[in-house]
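Okay, so here's the structure we're looking at.
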Amino acid sequence: MKLIKPVEILICSLIFLSTFGCSQSNISKITDLKCENLQDPLGINTLHPRFSWKNTSDKEGTNQTAYQILVAGSVGNLSEGKADFWNSGKIESPSTILVDYQGKNLHSRQLLYWKVRVWDENNNVSKWSETGTFSIGILDESDWAASYIGYPTENGFQNCPQFRKVFSIEKVNKNESYLLHINSLGYHEVYINGQKVGNDVLSPAVSQFNKRSLVNTYDVTSYVKAGENNLMIWLGSGWYSKGLPGVIGEGPLVKAQLEKISGQSSENIVVTDDTWMARNSEYTRISDWMSGRYGGEEVSGNLETQNRLFTEPEKLIWDKASVVEVPKHTVTPQMVEPNRITKEIKPSKIDKLNDSTFLVDMGTTLAGWFEITFPQLKKNQKVVLEYSDHLDENGQLVNQGQTDRYIASGNGTEFFKNKFNYHGFRYVKISNLYEAPKPASIKAYLIRTNFEPISGFECSDTDLNRIHDMVFYTLQCLGLGGYLVDCPQIERLGYGGDGNASTVTAQTMFNLAPLYSNWLDAWSDVIREDGSMPHTAPNPYSAGGGPYWCGFIISASWHTYQNYGDINVLKKYYPVMQKWLGYVEKHSIDGLLKRWPNTDYRNWYLGDWATPDGVGNPNHLDERSVDLVNNCYLSVCLSQIADIAGVLGKEDDKKLYSEKKTNLNKVIHNTFFDEQRGYYSTGSQIDLIFPMLAEAVPQNQHDNLIKILMERTEKEDNGHLNTGLVGIPVMMEWATKNNQPEFIYSMLKKKTYPGYLYMLDNGATTTWEHWNGARSRIHNCYNGVGQWFYQSIGGIRQIDGKVAYSEFLVDPQIPAGVTWAKTRINTPKGWISVHWEILDRRMKMDVEVPVGSIAKVKCSDGLVELQSGKHSIEYPL
């Protein structure tokens, strides 16, 4: 395919190309300042921060040619003549993503400010950006003056205790800042002088407690006052629960340090020690904290009693806190956004089941909290709240082990709201309540890690829009805690298989660079000495999966680099990838990976998973299919690590892994290809497609294999999707690479079982764990379809070797029946948008290219290369 330069456009069949906007302002604004991929982060985990920004322009063809960064210890010093940490001067470079700090040496517990300006292609300089902030966290163990404290009693550690410390500040100076570092083992909330600090919930993010715990840093300057101050920390055990790795005792612990930052000096004001006071709260956890038994919370006392902690803490009874010794582990700042309430949901219906039982339908599934203000209750009346994401065929609540209880005081405002647990639910059954709750008294709160939605998709086919929107919402219900869980209600585990299945989709729809950084840390923490990997990270207990689950450390690292341009991800986890591949090699026989043993942290050995019942015969548990799928995935891993080695400049490794892939592909073809039948292994959809995607199929056999795939899908699968968790993203990637939009479209349009429209027509608002709706109705099995909307219908695809959309292809693949699509992705460079429409056999397309990127638009006669700006293109089909 030839490349058409813009000057050649008039002599090809391209009819019209115009650019909107003639402003001479060049780079009009610098936006989206980030340090280590986070906006104004407090307590980062490095002394070598990296800065990112985006340039906007109204002028076509604008590019950044140079930048200048200032870093200072105060806002007053943030100028060219005063920048006391770094004045980069004018650096000739187009870089805007993760630019390295090169100023004075930094150290723990510093608070710093920065800004940037840039030059365009005409050497015109922009205005300075707004000011960004960042602070260095506590990086050295010696910088901690605090000790871990807990509240043990005769009955063991309390699982939702409160801690209190009164301290005094002589004077609050406007040039001083107060930073509070919280290293809680379990969830925490912080209150100063009766006010909750910030709007984070369920902090910190998850980690592997026997290897790592996380520190949250808060700017509490606006909360402290001259004179006496009350600092309170409220804990909930959460993942820090008895029986899980690294857990001491039965309840949560905390280490906290309040510091005053004055210029470049810091002073400890308060640290946790045995002078703190402690008490039981009105909250306690119900049930164990493990798969299928996450239980809930029991709350007692009216709202007025609960609020005495904030209004009159000195009138409550306090004991002494205890200092607790904790085994040595890595303590690092949290480098992912906190959890936040992102949506308030009102009930759609309340049904009375009997005189004392009501069923609340929130109208949508969600992951988060439930709140209710009760009608008048009697003293010691125990109201039971049970949660589920669906009802059974008889309209009864399906038991998913999610229960809260409220024990009434009999006076005041009786109120329940979750605090240190959450649920995945749509329905709430309220028992032992003798007066119907009013709809206005009930709310639910969608909670997720506060990552940024960065995409949009809409097309002329409302069925496709419904599927896209369901996937988009589902991922928001799965991203609580700095990782993606399989489901929020039953297992809550960071399965690598589910993660691999949805990574491309999730990273297209949301900015998940910080989330994947946190999650990959957990994966690096759970590898065993022999290179063996579990199927989940964190890895609290044994869970099922297979190689597609363990290889997340390779695939997720590679996609994260591709989407966000962070080479440090590759550098950091490359040794872990190599170690795991060494384990794989030990369990390979005659060149093929074979089943490895179960362990106390990992079981099963799956190929594909969660395939449909009763449609053809996917044979996902057939040993031939399991071995084929796993070795095809291993071939993909070898491709990815070869590319990673190339990026890291490890040419010998690149050659080694490339040769391993070539050899493996030969063995895959020779072992699994059935000459008589003309297909691989069982001939299921994934067994036909994965060898092609892994490049194990000789080129001269592709056409015949595709023909067999189409015939078997139509005749044996009744035109349906007939694959599972692994097969969905494999199928979407293959179809896009091979320009097969009709194949996917025809299957997505099926309204009968199995399929996405079958889910939606049976009441789904989030995707299910199984095509038939068994077990979980909020799940991460089938979300890999989402990438197809953006890459195929929308036509926005990255170009090999070009990371973070620095160059991208615009090539919509349009099935019959779709006449227009609007697609947007906010990349690290800025917004890409493609709006195409077919009118009278002509393609009309509006394309927006961000500053610093190049779009290559496929037209009828070749590729048109577009610089930054907004463009209109029209050509005959």
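In the structure tokens, chains take the letters A, B, ... in the order shown, each chain's residues start at 1, and ligands count up from 1 in the order shown.
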
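Residues in contact with Arg712 of chain A at 12 Å, where only C-alpha atoms are counted and same-chain residues fewer than 3 positions away are skipped, are listed as A:Val615, A:Gly616, A:Asn617, A:Pro618, A:Arg677, A:Tyr679, A:Thr682, A:Gly683, A:Ser684, A:Gln685, A:Ile686, A:Asp687, A:Leu688, A:Leu705, A:Ile706, A:Lys707, A:Ile708, A:Leu709, A:Lys715, A:Glu716, A:Asp717, A:Asn718, A:Gly719, A:His720, A:Leu721, A:Asn722.
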
Problem - Backbone-only DSSP, strand (DSSP E or B) members of segment 372-536 of chain A, as a PyMOL selection string - result: chain A and resi 372-373+382-388+391+397+402-407+415-417+423-431+442-449+452-453+455-459+495+510-511+536

Exercise for the section: May I have the residues within 7 Å of segment 800-815 of chain A as a VMD selection string, using only C-alpha atoms and disregarding those fewer than 3 positions away in the same chain? Expected result: chain A and resid 562 to 565 739 741 to 742 745 792 to 797 818 827 to 828 852 to 858

Practice task
Could you give me, as a ChimeraX atom specification, the residues within 8 Å of Pro453 of chain A, counting only C-alpha atoms and dropping anything in the same chain fewer than 3 positions from it?
Solution key: /A:509-511

Would you save the residues of that selection, restricted to C-alpha atoms, as a compact mmCIF listing (two decimals), in the first residue's frame?
# COMPACT_ATOMS: atom_id res chain seq x y z
CA MET A 509 -11.56 2.83 27.77
CA PHE A 510 -9.76 4.18 30.87
CA ASN A 511 -6.41 5.61 31.90

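Residues in contact with segment 463-466 of chain A at up to 8 Å, not including ones fewer than 4 positions away on its chain and judged by only C-alpha atoms, are Phe457, Glu458, Cys459, Met470, Leu748, Lys749, Leu757 and Leu760 of chain A.
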